[in-house]
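Notes follow the structure.
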Amino acid sequence: MTAALLSVVVIALLFDYTNGFHDAANAVATSISTRAIPPNIALLGAAMLNIVGALISTSVATTLAKGIVDPSVVTEPVLLGGLLGAIFWNLVTWYWALPNSSSHCLIGGIAGAVMATHGVHNVKWAGIVEKVLLPTVAAPLIGFAVGVMIMIALLWIFRNAQPGVVNRRFRLAQTGSAAFVAFSHGSNDAQKTMGIITLALFSGHMIPSLTVPLWVKLACAVTMGLGTYAGGKKIIRTLGMRLVKLSPVQGFAAETSSAAVLLTTAHLGFPVSTTHVITASIMGVGATQRLSAVKWGLSLNIFVAWVTTLPIAALVGAGFAKLAVALFR
């Protein structure tokens with residue numbers, strides 16, 4: 001393995017780690033905010049289930065390896081540039097405590113790096129529209145709608161129950177729904193780094209086809225799990241406490257709806273943002289209480305971060321790719 005290829009693998013795993021601590025809030029924010037699960041236990045459980053979820057499928061990894069850019073033009077400097085662009089925007093949005101898409105950071109970074117070094121025509125625009133942009137618009141809307149429906153159903157089913165009893169029962173139920181989210185997060189997000197490392201190994205002639213090796217699956221799963229356990233307290237506070245003040249039943253509804261959407265998209269091979277889905281689900285659940293329960297000003301800030309992620313990650317990835325090409329010439 002060359003120094004350049006080894007650098008790609010190491011930087012890819014670093015991105016995977018930042019993906020874990022940036023997106024830890026997806027799995028645990030609502031459970032921590034409702035005091036259903038103590039923070040350390042929630043993070044440890046989420047980390048373990050992230051690892052298990054990451055090992056069940058490679059559909060999303062295949063999309064990242066084949067469906068975004070032409071694999072024949074992907075070199076180690078291109079991947080380094082794309083990964084550094086993704087890490088940059090991941091860290092910026094984490095610093096600002098904004099729940100953002102690590103998936104879009106990665107896709108934007110890689111696409112920008114390819115455009116800067118090999119031209120616009122080597123980006124598979126049809127694949128980006130079909131596999132990224134359309135699911136990105138649809139998945140949060142579906143998460144919002146499913147969250148509303150589940151919450152309305154729960155309010156009707158338990159309309160005559162004592163609030164104290166309902167809260168105690170749903171704090172217990174959140175153990176299961178939080179596990180559901182953590183598992184679905186692993187099944188979706190860790191695969192993105194698997195796809196990038198597989199693409200690097202293929203372009204470096206280390207593997208004969210774009211099939212994810214077992215060691216890559218294990219390395220990405222464990223790295224994301226470690227990142228998840230490290231946590232992302234800023235974003236956990238944003239999602240679990242600042243966006244909407246959640247009760248245990250609302251937390252359960254948000255977690256259940258987002259996990260259902262994420263498992264479906266992972267099965268279909270769509271690299272959607274877990275952050276987009278869980279954020280929209282929380283907003284949907286909060287809106288059933290009253291529209292003013294959702295902090296819409298904060299929601300606007302989050303939306304702006306979502307919209308700007310692909311272009312900013314692409315620009316930064318392009319710059320780093322140019323630099324990497326010069327360094328490894």
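Chain labels follow the order of the structure tokens: the first chain is A, the next B, and so on; residue numbering restarts at 1 in every chain, and ligands are counted from 1 in their shown order.
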Tell me, which residues of range 18-206 of chain A carry DSSP helix (DSSP H, G or I), written as a PyMOL selection string?
chain A and resi 18-33+39-54+59-66+71-73+76-95+102-118+120-122+125-157+163-203
May I have the residues within 7 Å of range 107-109 of chain A as a PyMOL selection string, using only C-alpha atoms and disregarding those fewer than 2 positions away in the same chain?
chain A and resi 82-83+85-86+103-105+111-113+310-311+313-314+316-317
With the cut-off set at 10 Å and counting only C-alpha atoms, tabulate each residue of range 49-150 of chain A with an atom at most that distance from an atom of range 13-23 of chain A, showing the nearest atom pair and its distance in Å to one decimal, ordered by chain and increasing number, as JSON lines.
{"residue": "A:Asn50", "atom": "CA", "partner": "A:Gly20", "partner_atom": "CA", "distance": 8.8}
{"residue": "A:Leu83", "atom": "CA", "partner": "A:Phe15", "partner_atom": "CA", "distance": 6.8}
{"residue": "A:Leu84", "atom": "CA", "partner": "A:Phe15", "partner_atom": "CA", "distance": 8.0}
{"residue": "A:Gly85", "atom": "CA", "partner": "A:Phe15", "partner_atom": "CA", "distance": 9.9}
{"residue": "A:Ala86", "atom": "CA", "partner": "A:Phe15", "partner_atom": "CA", "distance": 7.4}
{"residue": "A:Ile87", "atom": "CA", "partner": "A:Phe15", "partner_atom": "CA", "distance": 5.7}
{"residue": "A:Phe88", "atom": "CA", "partner": "A:Phe15", "partner_atom": "CA", "distance": 9.4}
{"residue": "A:Asn90", "atom": "CA", "partner": "A:Thr18", "partner_atom": "CA", "distance": 7.1}
{"residue": "A:Leu91", "atom": "CA", "partner": "A:Thr18", "partner_atom": "CA", "distance": 7.6}
{"residue": "A:Thr93", "atom": "CA", "partner": "A:His22", "partner_atom": "CA", "distance": 8.7}
{"residue": "A:Trp94", "atom": "CA", "partner": "A:His22", "partner_atom": "CA", "distance": 6.2}
{"residue": "A:Tyr95", "atom": "CA", "partner": "A:His22", "partner_atom": "CA", "distance": 9.8}
{"residue": "A:Ala97", "atom": "CA", "partner": "A:His22", "partner_atom": "CA", "distance": 9.2}
{"residue": "A:Leu98", "atom": "CA", "partner": "A:His22", "partner_atom": "CA", "distance": 9.4}
{"residue": "A:Pro99", "atom": "CA", "partner": "A:Asp23", "partner_atom": "CA", "distance": 7.5}
{"residue": "A:Asn100", "atom": "CA", "partner": "A:His22", "partner_atom": "CA", "distance": 8.2}
{"residue": "A:Ser101", "atom": "CA", "partner": "A:Asp23", "partner_atom": "CA", "distance": 8.3}
{"residue": "A:Ser102", "atom": "CA", "partner": "A:Asn19", "partner_atom": "CA", "distance": 5.9}
{"residue": "A:Ser103", "atom": "CA", "partner": "A:Asn19", "partner_atom": "CA", "distance": 8.5}
{"residue": "A:Cys105", "atom": "CA", "partner": "A:Asn19", "partner_atom": "CA", "distance": 9.8}
{"residue": "A:Leu106", "atom": "CA", "partner": "A:Phe15", "partner_atom": "CA", "distance": 8.6}
Exercise. Do you have the CA of Gly284 in chain A-CA of Ser33 in chain A distance handy?
Worked result: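 Interatomic distance here is 17.1 Å.
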Give me, as a list in words, all polymer residues having an atom no more than 10 Å from Trp215 in chain A, counting only C-alpha atoms and skipping those fewer than 5 positions away in the same chain.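 My reading of the contact set: Met194, Cys220 and Ala221 of chain A.
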May I have the selected residues written with C-alpha atoms, as a PDB file, in the first residue's frame?
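Final file, selection.pdb:
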ATOM      1  CA  MET A 194     -16.798   2.044   3.475  1.00  0.00           C
ATOM      2  CA  CYS A 220     -15.513   1.715   9.602  1.00  0.00           C
ATOM      3  CA  ALA A 221     -18.069   0.215  11.977  1.00  0.00           C
TER       4      ALA A 221
END
Write out as an NGL selection string the residues lying within 10 Å of Ile142 in chain A, counting only C-alpha atoms and excluding same-chain residues fewer than 3 positions away. :A and (135 or 137-139 or 145-148 or 257-258 or 261 or 277 or 280-281 or 284)
Would you mind exporting N, CA and C atoms of the selected residues as an mmCIF file, in the first residue's frame?
data_model
loop_
_atom_site.group_PDB
_atom_site.id
_atom_site.type_symbol
_atom_site.label_atom_id
_atom_site.label_comp_id
_atom_site.auth_asym_id
_atom_site.auth_seq_id
_atom_site.Cartn_x
_atom_site.Cartn_y
_atom_site.Cartn_z
ATOM 1 N N PRO A 135 -33.920 11.926 -2.711
ATOM 2 C CA PRO A 135 -34.146 11.379 -1.365
ATOM 3 C C PRO A 135 -33.929 12.409 -0.259
ATOM 4 N N VAL A 137 -34.671 15.579 -0.349
ATOM 5 C CA VAL A 137 -35.896 16.371 -0.218
ATOM 6 C C VAL A 137 -37.020 15.531 0.359
ATOM 7 N N ALA A 138 -37.134 14.292 -0.138
ATOM 8 C CA ALA A 138 -38.265 13.452 0.251
ATOM 9 C C ALA A 138 -38.154 12.922 1.675
ATOM 10 N N ALA A 139 -36.953 12.462 2.083
ATOM 11 C CA ALA A 139 -36.813 11.788 3.376
ATOM 12 C C ALA A 139 -37.204 12.673 4.567
ATOM 13 N N ALA A 145 -43.837 13.955 8.253
ATOM 14 C CA ALA A 145 -45.212 13.453 8.151
ATOM 15 C C ALA A 145 -45.426 12.224 9.024
ATOM 16 N N VAL A 146 -44.471 11.296 9.004
ATOM 17 C CA VAL A 146 -44.601 10.079 9.817
ATOM 18 C C VAL A 146 -44.571 10.433 11.299
ATOM 19 N N GLY A 147 -43.710 11.396 11.666
ATOM 20 C CA GLY A 147 -43.672 11.840 13.064
ATOM 21 C C GLY A 147 -45.016 12.401 13.513
ATOM 22 N N VAL A 148 -45.631 13.208 12.665
ATOM 23 C CA VAL A 148 -46.958 13.772 12.969
ATOM 24 C C VAL A 148 -47.983 12.650 13.141
ATOM 25 N N SER A 257 -40.274 7.184 14.117
ATOM 26 C CA SER A 257 -40.517 7.610 12.738
ATOM 27 C C SER A 257 -39.212 7.756 11.972
ATOM 28 N N SER A 258 -38.202 8.355 12.598
ATOM 29 C CA SER A 258 -36.933 8.557 11.882
ATOM 30 C C SER A 258 -36.236 7.231 11.605
ATOM 31 N N VAL A 261 -37.829 5.464 8.589
ATOM 32 C CA VAL A 261 -37.438 6.077 7.315
ATOM 33 C C VAL A 261 -36.003 5.692 6.963
ATOM 34 N N VAL A 277 -33.385 13.614 8.670
ATOM 35 C CA VAL A 277 -34.582 12.839 8.986
ATOM 36 C C VAL A 277 -34.986 13.001 10.447
ATOM 37 N N ALA A 280 -36.264 16.594 11.156
ATOM 38 C CA ALA A 280 -37.616 16.794 10.631
ATOM 39 C C ALA A 280 -38.649 16.034 11.457
ATOM 40 N N SER A 281 -38.296 14.837 11.912
ATOM 41 C CA SER A 281 -39.217 14.061 12.747
ATOM 42 C C SER A 281 -39.499 14.782 14.059
ATOM 43 N N GLY A 284 -41.807 17.625 13.356
ATOM 44 C CA GLY A 284 -43.167 17.144 13.114
ATOM 45 C C GLY A 284 -43.884 16.797 14.402
#
At most 8 Å is the cut-off: for each residue in range 186-267 of chain A with any atom that close to an atom of range 36-49 of chain A, write down the nearest atom pair and the distance in Å rounded to one decimal, counting only C-alpha atoms, chain first then increasing number, as CSV.
residue,atom,partner,partner_atom,distance
A:Gly186,CA,A:Leu49,CA,7.0
A:Met224,CA,A:Ala47,CA,7.5
A:Gly225,CA,A:Ala47,CA,4.1
A:Leu226,CA,A:Ala47,CA,6.5
A:Gly227,CA,A:Ala47,CA,7.8
A:Thr228,CA,A:Ala47,CA,5.2
A:Tyr229,CA,A:Leu43,CA,4.9
A:Ala230,CA,A:Leu43,CA,7.7
A:Gly231,CA,A:Leu43,CA,6.7
A:Pro248,CA,A:Ala36,CA,7.1
Atom pair CA of Met115 in chain A + CA of Ser273 in chain A, distance 22.9 Å
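In this comparison, which uses only C-alpha atoms, the residue of A:Gln250, A:Ser292, A:Ser187, A:Ser203 approaching Leu268 in chain A most closely is A:Ser187.
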Residues near Ala293 in chain A, cut-off 9 Å, only C-alpha atoms, skip fewer than 3 positions along chain, as a PDB file with C-alpha atoms, in the first residue's frame:
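Output saved as result-v7.pdb:
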ATOM      1  CA  LEU A 243     -35.311  22.828  18.889  1.00  0.00           C
ATOM      2  CA  VAL A 244     -38.356  21.422  20.727  1.00  0.00           C
ATOM      3  CA  LYS A 245     -38.940  20.631  24.404  1.00  0.00           C
ATOM      4  CA  MET A 283     -40.140  19.161  14.261  1.00  0.00           C
ATOM      5  CA  GLY A 286     -43.352  19.157  18.176  1.00  0.00           C
ATOM      6  CA  ALA A 287     -45.754  20.748  15.699  1.00  0.00           C
ATOM      7  CA  THR A 288     -48.578  18.432  16.828  1.00  0.00           C
ATOM      8  CA  GLN A 289     -48.429  20.110  20.226  1.00  0.00           C
ATOM      9  CA  ARG A 290     -48.567  23.642  18.779  1.00  0.00           C
ATOM     10  CA  TRP A 296     -38.540  28.197  13.869  1.00  0.00           C
TER      11      TRP A 296
END
Could you tell me which of A:Ile32, A:Val8, A:Leu300, A:Leu80 comes closest to Ala321 in chain A if we count only C-alpha atoms?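 Among A:Ile32, A:Val8, A:Leu300, A:Leu80, it is A:Leu80 that comes nearest to Ala321 in chain A.
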